[in-house]
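Source file: work.txt (compact mmCIF, C-alpha atoms)
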```
# COMPACT_ATOMS: atom_id res chain seq x y z
CA MET S 1 -62.48 30.38 -47.16
CA HIS S 2 -64.42 27.22 -46.33
CA GLU S 3 -62.33 25.21 -48.78
CA ALA S 4 -59.51 25.39 -46.20
CA ILE S 5 -61.49 23.43 -43.61
CA ARG S 6 -62.50 20.80 -46.18
CA LYS S 7 -58.84 20.28 -47.15
CA TYR S 8 -57.92 20.17 -43.47
CA ILE S 9 -60.48 17.47 -42.63
CA LEU S 10 -59.45 15.44 -45.68
CA SER S 11 -55.83 15.61 -44.52
CA TYR S 12 -56.86 13.92 -41.26
CA THR S 13 -59.11 11.16 -42.48
CA ASN S 14 -59.65 8.69 -45.28
CA GLU S 15 -63.40 9.01 -45.01
CA ALA S 16 -64.98 10.84 -47.94
CA ILE S 17 -67.07 13.97 -47.41
CA SER S 18 -70.27 14.05 -49.47
CA ASP S 19 -71.58 17.29 -50.99
CA GLU S 20 -74.42 17.22 -48.50
CA GLU S 21 -71.97 16.88 -45.59
CA TYR S 22 -69.80 19.65 -46.99
CA GLN S 23 -72.87 21.89 -47.03
CA ILE S 24 -73.47 21.16 -43.31
CA ILE S 25 -69.81 21.97 -42.59
CA GLN S 26 -70.00 25.22 -44.57
CA ASP S 27 -73.11 26.27 -42.68
CA ALA S 28 -71.51 25.45 -39.31
CA PHE S 29 -68.38 27.60 -39.72
CA VAL S 30 -68.80 31.38 -39.70
CA PRO S 31 -65.97 33.34 -41.37
CA LYS S 32 -64.53 36.35 -39.56
CA LYS S 33 -61.69 38.80 -40.09
CA ILE S 34 -59.73 39.65 -36.95
CA ARG S 35 -57.41 42.62 -37.31
CA LYS S 36 -54.01 42.72 -35.61
CA ARG S 37 -54.40 43.32 -31.84
CA GLN S 38 -58.17 42.63 -31.98
CA TYR S 39 -59.49 40.09 -29.46
CA LEU S 40 -61.24 36.81 -30.15
CA LEU S 41 -61.59 36.18 -26.38
CA GLN S 42 -61.03 38.34 -23.31
CA GLU S 43 -60.26 37.12 -19.80
CA GLY S 44 -63.44 36.66 -17.74
CA ASP S 45 -65.65 35.90 -20.76
CA VAL S 46 -66.84 32.43 -21.70
CA CYS S 47 -65.08 31.18 -24.83
CA LYS S 48 -67.99 30.92 -27.26
CA HIS S 49 -65.99 29.89 -30.33
CA LEU S 50 -63.10 27.76 -31.36
CA ALA S 51 -61.38 29.45 -34.29
CA PHE S 52 -59.82 27.61 -37.21
CA ILE S 53 -57.12 29.89 -38.62
CA VAL S 54 -57.24 30.13 -42.43
CA HIS S 55 -54.67 32.97 -42.63
CA GLY S 56 -52.83 34.87 -39.94
CA ALA S 57 -51.21 34.43 -36.55
CA MET S 58 -52.83 34.49 -33.11
CA ARG S 59 -51.94 33.75 -29.51
CA GLN S 60 -53.62 32.64 -26.25
CA TYR S 61 -52.21 34.13 -23.05
CA SER S 62 -52.90 35.04 -19.44
CA VAL S 63 -51.87 38.25 -17.71
CA ASP S 64 -50.65 37.94 -14.10
CA ASP S 65 -50.99 40.37 -11.17
CA LYS S 66 -47.82 42.15 -12.23
CA GLY S 67 -49.15 42.70 -15.74
CA ILE S 68 -46.83 40.11 -17.26
CA GLU S 69 -48.21 38.11 -20.21
CA HIS S 70 -47.79 34.32 -20.28
CA ILE S 71 -48.39 32.84 -23.74
CA ILE S 72 -49.70 29.28 -23.61
CA HIS S 73 -50.52 28.75 -27.30
CA PHE S 74 -49.61 30.17 -30.66
CA GLY S 75 -51.81 29.64 -33.70
CA ILE S 76 -51.01 29.96 -37.40
CA GLU S 77 -52.59 28.61 -40.62
CA ASN S 78 -54.49 25.32 -40.15
CA TRP S 79 -54.30 25.49 -36.35
CA TRP S 80 -57.16 25.93 -33.93
CA ILE S 81 -57.23 28.53 -31.21
CA GLY S 82 -59.55 29.17 -28.27
CA ASP S 83 -59.75 28.20 -24.59
CA ARG S 84 -60.99 24.62 -24.78
CA GLU S 85 -61.73 24.42 -21.04
CA SER S 86 -63.98 27.48 -21.07
CA PHE S 87 -65.51 26.37 -24.38
CA ILE S 88 -66.50 22.95 -23.01
CA MET S 89 -67.26 23.80 -19.38
CA LEU S 90 -68.87 27.20 -20.13
CA THR S 91 -66.72 28.74 -17.36
CA PRO S 92 -65.14 32.23 -17.53
CA SER S 93 -61.77 32.04 -19.21
CA LYS S 94 -58.46 32.94 -17.54
CA TYR S 95 -57.08 33.65 -21.00
CA ASN S 96 -57.07 36.24 -23.74
CA VAL S 97 -56.89 35.34 -27.41
CA ASP S 98 -55.86 38.05 -29.87
CA ALA S 99 -54.44 38.42 -33.36
CA VAL S 100 -50.71 39.02 -33.79
CA GLU S 101 -51.23 39.49 -37.56
CA ASP S 102 -54.42 40.36 -39.46
CA SER S 103 -56.20 37.01 -39.51
CA ASP S 104 -59.01 35.19 -41.31
CA VAL S 105 -60.70 32.60 -39.15
CA LEU S 106 -63.65 30.23 -39.29
CA LEU S 107 -65.63 30.24 -36.05
CA LEU S 108 -67.35 27.20 -34.58
CA THR S 109 -69.76 27.30 -31.62
CA HIS S 110 -70.14 24.46 -29.14
CA GLU S 111 -73.59 23.72 -30.54
CA LYS S 112 -72.35 23.48 -34.13
CA MET S 113 -69.40 21.38 -33.03
CA GLN S 114 -71.84 18.94 -31.43
CA LEU S 115 -73.92 18.92 -34.61
CA LEU S 116 -70.90 18.12 -36.77
CA SER S 117 -69.76 15.40 -34.33
CA ASP S 118 -73.19 13.79 -34.51
CA LYS S 119 -73.66 14.02 -38.27
CA ILE S 120 -70.25 13.86 -39.95
CA PRO S 121 -68.07 10.82 -39.22
CA ALA S 122 -65.07 12.44 -40.94
CA PHE S 123 -65.32 15.40 -38.55
CA THR S 124 -65.55 13.16 -35.47
CA ARG S 125 -62.53 11.24 -36.72
CA THR S 126 -60.60 14.47 -37.34
CA PHE S 127 -61.23 15.73 -33.83
CA SER S 128 -60.34 12.41 -32.28
CA VAL S 129 -56.98 12.34 -34.13
CA LEU S 130 -56.46 16.02 -33.29
CA ASP S 131 -57.07 15.39 -29.58
CA GLN S 132 -54.54 12.56 -29.64
CA ARG S 133 -51.96 14.76 -31.38
CA ASN S 134 -52.62 17.59 -28.95
CA PHE S 135 -52.17 15.21 -26.06
CA ILE S 136 -48.84 14.02 -27.46
CA ALA S 137 -47.66 17.58 -28.19
CA SER S 138 -48.67 18.67 -24.66
CA GLN S 139 -46.79 15.73 -23.19
CA LYS S 140 -43.66 16.76 -25.11
CA ARG S 141 -43.97 20.34 -23.94
CA ILE S 142 -44.46 19.30 -20.30
CA HIS S 143 -41.49 16.97 -20.57
CA ALA S 144 -39.37 19.79 -22.02
CA SER S 145 -40.44 22.12 -19.21
CA ILE S 146 -39.39 19.73 -16.44
CA SER S 147 -36.28 18.22 -18.02
CA LEU S 148 -34.63 20.74 -20.37
CA THR S 149 -32.67 23.93 -19.75
CA ALA S 150 -33.88 27.20 -21.30
CA GLU S 151 -31.29 26.75 -24.05
CA GLU S 152 -32.47 23.22 -24.84
CA ARG S 153 -36.12 24.32 -24.84
CA TYR S 154 -35.33 26.96 -27.45
CA ALA S 155 -33.46 24.43 -29.61
CA ASP S 156 -36.39 22.01 -29.23
CA LEU S 157 -38.89 24.63 -30.41
CA ALA S 158 -36.60 25.68 -33.28
CA GLU S 159 -36.51 22.06 -34.41
CA ARG S 160 -40.19 21.17 -33.97
CA ASN S 161 -41.87 24.44 -34.98
CA PRO S 162 -39.33 26.65 -36.79
CA SER S 163 -42.18 28.64 -38.42
CA LEU S 164 -43.26 29.98 -35.01
CA LEU S 165 -39.85 31.63 -34.54
CA GLN S 166 -40.32 33.48 -37.83
CA ARG S 167 -43.91 34.53 -37.28
CA PHE S 168 -43.84 35.73 -33.67
CA PRO S 169 -41.67 38.47 -32.14
CA GLN S 170 -38.91 37.45 -29.75
CA ASN S 171 -40.59 38.76 -26.61
CA MET S 172 -43.59 36.49 -27.35
CA VAL S 173 -41.36 33.49 -28.01
CA ALA S 174 -39.65 34.14 -24.65
CA SER S 175 -43.05 34.24 -22.92
CA TYR S 176 -44.10 30.98 -24.62
CA LEU S 177 -40.90 29.31 -23.41
CA GLY S 178 -41.33 30.70 -19.89
CA ILE S 179 -38.05 32.62 -19.95
CA SER S 180 -37.15 36.33 -19.89
CA PRO S 181 -36.55 38.22 -23.17
CA GLU S 182 -32.99 38.86 -21.97
CA THR S 183 -32.33 35.15 -21.51
CA LEU S 184 -33.78 34.40 -24.97
CA SER S 185 -31.61 37.11 -26.53
CA ARG S 186 -28.50 35.63 -24.91
CA ILE S 187 -29.43 32.12 -26.08
CA ARG S 188 -30.02 33.31 -29.67
CA LYS S 189 -26.68 35.12 -29.81
CA LYS S 190 -24.93 32.01 -28.59
CA ALA S 191 -26.78 29.81 -31.11
CA LEU S 192 -25.94 32.17 -34.00
CA SER S 193 -22.25 32.39 -33.10
CA ARG S 194 -21.85 28.61 -33.37
CA MET X 1 -61.06 -6.54 -10.78
CA HIS X 2 -63.07 -5.80 -13.93
CA GLU X 3 -65.84 -4.25 -11.88
CA ALA X 4 -63.56 -1.21 -11.41
CA ILE X 5 -63.50 -0.44 -15.14
CA ARG X 6 -67.28 -0.81 -15.39
CA LYS X 7 -67.76 1.68 -12.55
CA TYR X 8 -65.21 3.98 -14.14
CA ILE X 9 -66.95 4.00 -17.53
CA LEU X 10 -70.34 4.56 -15.87
CA SER X 11 -68.88 7.55 -14.00
CA TYR X 12 -68.03 9.14 -17.38
CA THR X 13 -71.18 8.54 -19.35
CA ASN X 14 -74.94 8.34 -19.10
CA GLU X 15 -75.08 5.59 -21.67
CA ALA X 16 -76.00 2.20 -20.24
CA ILE X 17 -73.71 -0.80 -20.66
CA SER X 18 -75.52 -4.02 -21.60
CA ASP X 19 -74.41 -7.40 -20.22
CA GLU X 20 -73.21 -8.31 -23.67
CA GLU X 21 -71.11 -5.14 -23.87
CA TYR X 22 -69.74 -5.74 -20.39
CA GLN X 23 -68.62 -9.18 -21.53
CA ILE X 24 -66.72 -7.61 -24.44
CA ILE X 25 -65.09 -5.15 -22.03
CA GLN X 26 -64.13 -7.93 -19.61
CA ASP X 27 -62.56 -9.92 -22.43
CA ALA X 28 -60.62 -6.88 -23.69
CA PHE X 29 -58.88 -6.02 -20.40
CA VAL X 30 -56.22 -8.40 -19.11
CA PRO X 31 -55.54 -8.17 -15.35
CA LYS X 32 -51.92 -8.05 -14.18
CA LYS X 33 -50.09 -7.59 -10.90
CA ILE X 34 -47.06 -5.33 -11.06
CA ARG X 35 -44.82 -5.45 -8.02
CA LYS X 36 -43.10 -2.37 -6.66
CA ARG X 37 -40.15 -1.37 -8.91
CA GLN X 38 -41.31 -3.72 -11.69
CA TYR X 39 -41.61 -2.20 -15.17
CA LEU X 40 -44.69 -1.93 -17.34
CA LEU X 41 -42.64 -0.22 -20.08
CA GLN X 42 -38.93 0.30 -20.61
CA GLU X 43 -37.30 3.03 -22.69
CA GLY X 44 -36.70 1.90 -26.27
CA ASP X 45 -39.62 -0.54 -26.31
CA VAL X 46 -42.93 0.12 -28.04
CA CYS X 47 -45.70 0.72 -25.50
CA LYS X 48 -47.98 -2.24 -26.16
CA HIS X 49 -50.50 -1.56 -23.40
CA LEU X 50 -52.29 1.24 -21.70
CA ALA X 51 -52.81 0.28 -18.07
CA PHE X 52 -55.88 1.18 -16.05
CA ILE X 53 -54.82 1.23 -12.40
CA VAL X 54 -57.26 -0.62 -10.11
CA HIS X 55 -54.97 -0.44 -7.03
CA GLY X 56 -51.52 0.99 -6.60
CA ALA X 57 -49.27 3.82 -7.67
CA MET X 58 -47.14 4.11 -10.80
CA ARG X 59 -45.06 6.68 -12.65
CA GLN X 60 -43.90 7.50 -16.19
CA TYR X 61 -40.46 9.05 -16.53
CA SER X 62 -37.45 9.59 -18.75
CA VAL X 63 -33.81 9.29 -17.71
CA ASP X 64 -31.39 11.87 -19.15
CA ASP X 65 -27.71 11.55 -20.11
CA LYS X 66 -26.67 12.38 -16.56
CA GLY X 67 -28.87 9.62 -15.15
CA ILE X 68 -31.44 12.05 -13.75
CA GLU X 69 -35.08 10.91 -13.78
CA HIS X 70 -37.78 13.28 -15.05
CA ILE X 71 -41.29 12.20 -14.04
CA ILE X 72 -43.93 13.29 -16.52
CA HIS X 73 -46.95 11.43 -15.10
CA PHE X 74 -48.09 9.86 -11.88
CA GLY X 75 -50.86 7.27 -11.81
CA ILE X 76 -53.02 6.06 -8.92
CA GLU X 77 -56.43 4.32 -8.65
CA ASN X 78 -58.74 4.99 -11.62
CA TRP X 79 -56.01 6.66 -13.67
CA TRP X 80 -54.47 5.41 -16.89
CA ILE X 81 -50.76 5.09 -17.45
CA GLY X 82 -48.64 4.33 -20.53
CA ASP X 83 -46.88 6.29 -23.26
CA ARG X 84 -49.75 7.30 -25.50
CA GLU X 85 -47.46 8.49 -28.31
CA SER X 86 -45.62 5.18 -28.54
CA PHE X 87 -48.90 3.28 -28.08
CA ILE X 88 -50.56 5.05 -31.02
CA MET X 89 -47.61 5.60 -33.35
CA LEU X 90 -45.91 2.26 -32.55
CA THR X 91 -42.61 4.12 -32.09
CA PRO X 92 -39.98 3.23 -29.45
CA SER X 93 -40.77 5.03 -26.21
CA LYS X 94 -38.48 7.60 -24.57
CA TYR X 95 -40.12 6.71 -21.26
CA ASN X 96 -40.13 4.12 -18.53
CA VAL X 97 -43.25 3.17 -16.60
CA ASP X 98 -42.83 1.35 -13.31
CA ALA X 99 -44.71 0.67 -10.09
CA VAL X 100 -44.02 2.81 -7.02
CA GLU X 101 -46.33 0.57 -4.95
CA ASP X 102 -47.48 -3.01 -5.63
CA SER X 103 -50.18 -2.43 -8.24
CA ASP X 104 -53.13 -4.20 -9.84
CA VAL X 105 -53.76 -3.05 -13.38
CA LEU X 106 -56.00 -3.90 -16.32
CA LEU X 107 -54.08 -3.93 -19.59
CA LEU X 108 -55.52 -2.85 -22.92
CA THR X 109 -53.79 -3.36 -26.29
CA HIS X 110 -54.21 -0.99 -29.23
CA GLU X 111 -56.19 -3.65 -31.07
CA LYS X 112 -58.63 -4.15 -28.18
CA MET X 113 -58.96 -0.42 -27.70
CA GLN X 114 -59.97 -0.13 -31.36
CA LEU X 115 -62.46 -2.96 -30.89
CA LEU X 116 -64.06 -1.28 -27.87
CA SER X 117 -64.18 2.07 -29.68
CA ASP X 118 -65.97 0.44 -32.61
CA LYS X 119 -68.43 -1.64 -30.58
CA ILE X 120 -69.19 0.16 -27.32
CA PRO X 121 -70.56 3.71 -27.55
CA ALA X 122 -70.11 4.23 -23.78
CA PHE X 123 -66.41 3.43 -24.14
CA THR X 124 -65.96 5.83 -27.07
CA ARG X 125 -67.73 8.52 -25.09
CA THR X 126 -65.55 7.84 -22.02
CA PHE X 127 -62.34 8.21 -24.04
CA SER X 128 -63.54 11.33 -25.75
CA VAL X 129 -64.36 12.98 -22.37
CA LEU X 130 -61.06 11.67 -20.97
CA ASP X 131 -59.08 13.18 -23.87
CA GLN X 132 -60.77 16.52 -23.30
CA ARG X 133 -59.99 16.41 -19.57
CA ASN X 134 -56.40 15.40 -20.28
CA PHE X 135 -56.08 18.27 -22.71
CA ILE X 136 -57.39 20.71 -20.10
CA ALA X 137 -55.15 19.27 -17.36
CA SER X 138 -52.12 19.44 -19.68
CA GLN X 139 -52.94 23.05 -20.53
CA LYS X 140 -53.03 23.90 -16.81
CA ARG X 141 -49.73 22.18 -16.19
CA ILE X 142 -48.06 23.97 -19.13
CA HIS X 143 -49.46 27.27 -17.94
CA ALA X 144 -48.13 26.61 -14.44
CA SER X 145 -44.70 25.74 -15.83
CA ILE X 146 -44.36 29.00 -17.80
CA SER X 147 -46.08 31.39 -15.39
CA LEU X 148 -45.62 30.18 -11.79
CA THR X 149 -42.64 30.09 -9.45
CA ALA X 150 -41.51 26.75 -7.96
CA GLU X 151 -43.34 27.70 -4.76
CA GLU X 152 -46.59 28.46 -6.60
CA ARG X 153 -46.34 25.24 -8.63
CA TYR X 154 -46.10 23.23 -5.42
CA ALA X 155 -49.11 25.04 -3.92
CA ASP X 156 -51.03 24.45 -7.16
CA LEU X 157 -50.31 20.70 -7.06
CA ALA X 158 -51.18 20.52 -3.34
CA GLU X 159 -54.53 22.10 -4.15
CA ARG X 160 -55.43 20.15 -7.29
CA ASN X 161 -54.00 16.72 -6.44
CA PRO X 162 -53.28 16.52 -2.70
CA SER X 163 -53.35 12.69 -2.83
CA LEU X 164 -50.25 12.64 -5.04
CA LEU X 165 -48.24 14.35 -2.30
CA GLN X 166 -49.21 11.60 0.11
CA ARG X 167 -48.61 8.68 -2.21
CA PHE X 168 -45.29 9.61 -3.80
CA PRO X 169 -41.96 10.29 -2.06
CA GLN X 170 -40.67 13.86 -2.03
CA ASN X 171 -37.85 13.28 -4.49
CA MET X 172 -40.40 12.07 -7.05
CA VAL X 173 -42.69 15.05 -6.42
CA ALA X 174 -39.68 17.34 -6.97
CA SER X 175 -38.91 15.60 -10.28
CA TYR X 176 -42.57 15.92 -11.36
CA LEU X 177 -42.47 19.66 -10.61
CA GLY X 178 -39.14 20.08 -12.41
CA ILE X 179 -37.32 21.35 -9.29
CA SER X 180 -34.50 19.98 -7.16
CA PRO X 181 -35.30 17.94 -3.99
CA GLU X 182 -33.49 20.67 -2.00
CA THR X 183 -35.75 23.39 -3.39
CA LEU X 184 -38.85 21.29 -2.64
CA SER X 185 -37.66 20.67 0.92
CA ARG X 186 -37.16 24.42 1.44
CA ILE X 187 -40.62 25.19 0.01
CA ARG X 188 -42.30 22.59 2.24
CA LYS X 189 -40.61 23.89 5.36
CA LYS X 190 -41.76 27.40 4.52
CA ALA X 191 -45.33 26.23 3.81
CA LEU X 192 -45.49 24.29 7.11
CA SER X 193 -44.19 27.22 9.18
CA ARG X 194 -47.02 29.49 7.99
```
For the structure just supplied, provide its representation as structure tokens.
Amino acid sequence: MHEAIRKYILSYTNEAISDEEYQIIQDAFVPKKIRKRQYLLQEGDVCKHLAFIVHGAMRQYSVDDKGIEHIIHFGIENWWIGDRESFIMLTPSKYNVDAVEDSDVLLLTHEKMQLLSDKIPAFTRTFSVLDQRNFIASQKRIHASISLTAEERYADLAERNPSLLQRFPQNMVASYLGISPETLSRIRKKALSR
Amino acid sequence: MHEAIRKYILSYTNEAISDEEYQIIQDAFVPKKIRKRQYLLQEGDVCKHLAFIVHGAMRQYSVDDKGIEHIIHFGIENWWIGDRESFIMLTPSKYNVDAVEDSDVLLLTHEKMQLLSDKIPAFTRTFSVLDQRNFIASQKRIHASISLTAEERYADLAERNPSLLQRFPQNMVASYLGISPETLSRIRKKALSR
């Protein structure tokens, strides 16, 4: 399972990873199986791990006073999931993270992340590029939310991350887009009839 | 004007900045005055500079086919502004950046940013913390956009960044929140009458 994280880091950086460094990386990441509907994080707990998804599909979401779920992130193969704010600040999380499919993940604690950042230049570089990409992706999503109609937001997601539409059920996609399942259903029918 | 960036970096890190390092920082940042309504970046151009705002108020926005402006970021003292995606990827920007008040900024090119990252640990540390904070702030804004009503989004902004409401005109605040000026006006009246 650890081979996945090595490949991932090498896809982000030109810096080589020595055998010794690879050993440190292997020791830092703890493999875990998370069955469908099982939690990685529950609201109110501090997020102790970031999870690198080797196989599977997961989501991060809040639940409001009316019991409605609001999905802020999806995660599939080669994505990270976890509440970064809680992970860094050690504050109780407002979010839940659970598995939508049976998933294999590699868990990283804050302490081990610090260790890797200090010792492995390729890891530091990977996270720096990742943070930049996340920032850019967040900016696009914020821009979509303030400037696009529900219909355009769906088309935007279908273009940028078509795999998410195949992996996650429609009610979750609606939640991620901030629209009702009924609105999403109407939009999909219209899109298909074109 | 450079003293502002020194103070800013010191507020982010415990690492000391030597006189020699401060000289490198001073040489890297080019001061510029941007008058109200003057552009730092225009749509279609590559974003050549990130601007650190010493004094003033600026905004980053797109203009859609109907001529409507969508403001994605505000910037005031001690904030950065610029299209990070275009800056990093060297792609034409979809955004405009202009001054809402007469502004004093310190400009940083990609090349100089790289130089500072390579040579000044305190600078690298500052940007790493800044990227984390940006990621967290973006996550909050995305969560607000999918889970809160227009009224709640306004209250959320008033709580987290009250200074923005004082510095920017109402029509710009409405654009930033992704609501119409009429809706914002109604929400404000309701909030004031409580």
* Could you list, as a ChimeraX atom specification, every residue of chain S that has an atom within 7 Å of an atom of chain X, counting all atoms listed in the file? -> /S:70,72,85,131,135-136,138,142-143,145-147,177-178
Convert the current residue selection to file output with C-alpha atoms, as a CSV table (one decimal), in the coordinates of the input.
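Wrote selection-v3.csv, looks like this:
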```csv
chain,number,residue,atom,x,y,z
S,70,HIS,CA,-47.8,34.3,-20.3
S,72,ILE,CA,-49.7,29.3,-23.6
S,85,GLU,CA,-61.7,24.4,-21.0
S,131,ASP,CA,-57.1,15.4,-29.6
S,135,PHE,CA,-52.2,15.2,-26.1
S,136,ILE,CA,-48.8,14.0,-27.5
S,138,SER,CA,-48.7,18.7,-24.7
S,142,ILE,CA,-44.5,19.3,-20.3
S,143,HIS,CA,-41.5,17.0,-20.6
S,145,SER,CA,-40.4,22.1,-19.2
S,146,ILE,CA,-39.4,19.7,-16.4
S,147,SER,CA,-36.3,18.2,-18.0
S,177,LEU,CA,-40.9,29.3,-23.4
S,178,GLY,CA,-41.3,30.7,-19.9
```
* **Two-atom distance - atom CA of Met58 of chain S, atom CA of Asp156 of chain X (Å)** => 27.9 Å
* Show which residues sit within 12 Å of Val54 of chain X, as an MDAnalysis selection string. Count all atoms listed in the file, and ignore same-chain residues fewer than 4 positions away. => chainID X and resid 1:8 29:34 58 75:81 102:107
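Taking atom CA of Glu159 of chain S and atom CA of Gly67 of chain X as the two end points, the separation is 24.2 Å.
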With 3 Å added on each side, what axis-aligned box encloses every listed atom of segment 55-64 of chain S? Give the centre and edge lengths in Å to one decimal, as JSON.
```
{"center_x": -52.7, "center_y": 35.4, "center_z": -28.4, "size_x": 10.0, "size_y": 11.6, "size_z": 34.5}
```
* To do: Can you work out which one of X:Leu130, X:His55, X:Cys47, X:Lys112 has the shortest atom-to-atom distance to Gly82 of chain X, counting all atoms listed in the file?
  =>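 Closest to Gly82 of chain X, using all atoms listed in the file: X:Cys47.
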* Asked: Which residue gives the smallest distance to Arg37 of chain S among S:Met172, S:Ala158, S:Ala99, S:Met89, with all atoms listed in the file counted?
  -> S:Ala99
* Asked: By how many Å are atom CA of Leu165 of chain X and atom CA of Asp98 of chain X apart?
  -> 17.9 Å
* Selected residue, from S:Glu111, S:Val100, S:Glu152, S:Glu182, that lies nearest to Leu164 of chain S when counting all atoms listed in the file ->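 Using all atoms listed in the file, the shortest distance to Leu164 of chain S belongs to S:Val100.
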* Asked: From the set S:Gln38, S:Ile9, S:Ala57, S:Lys48, which residue has the shortest atom-to-atom contact distance to Gln166 of chain S, counting all atoms listed in the file?
  ->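 Using all atoms listed in the file, Gln166 of chain S sits closest to S:Ala57.
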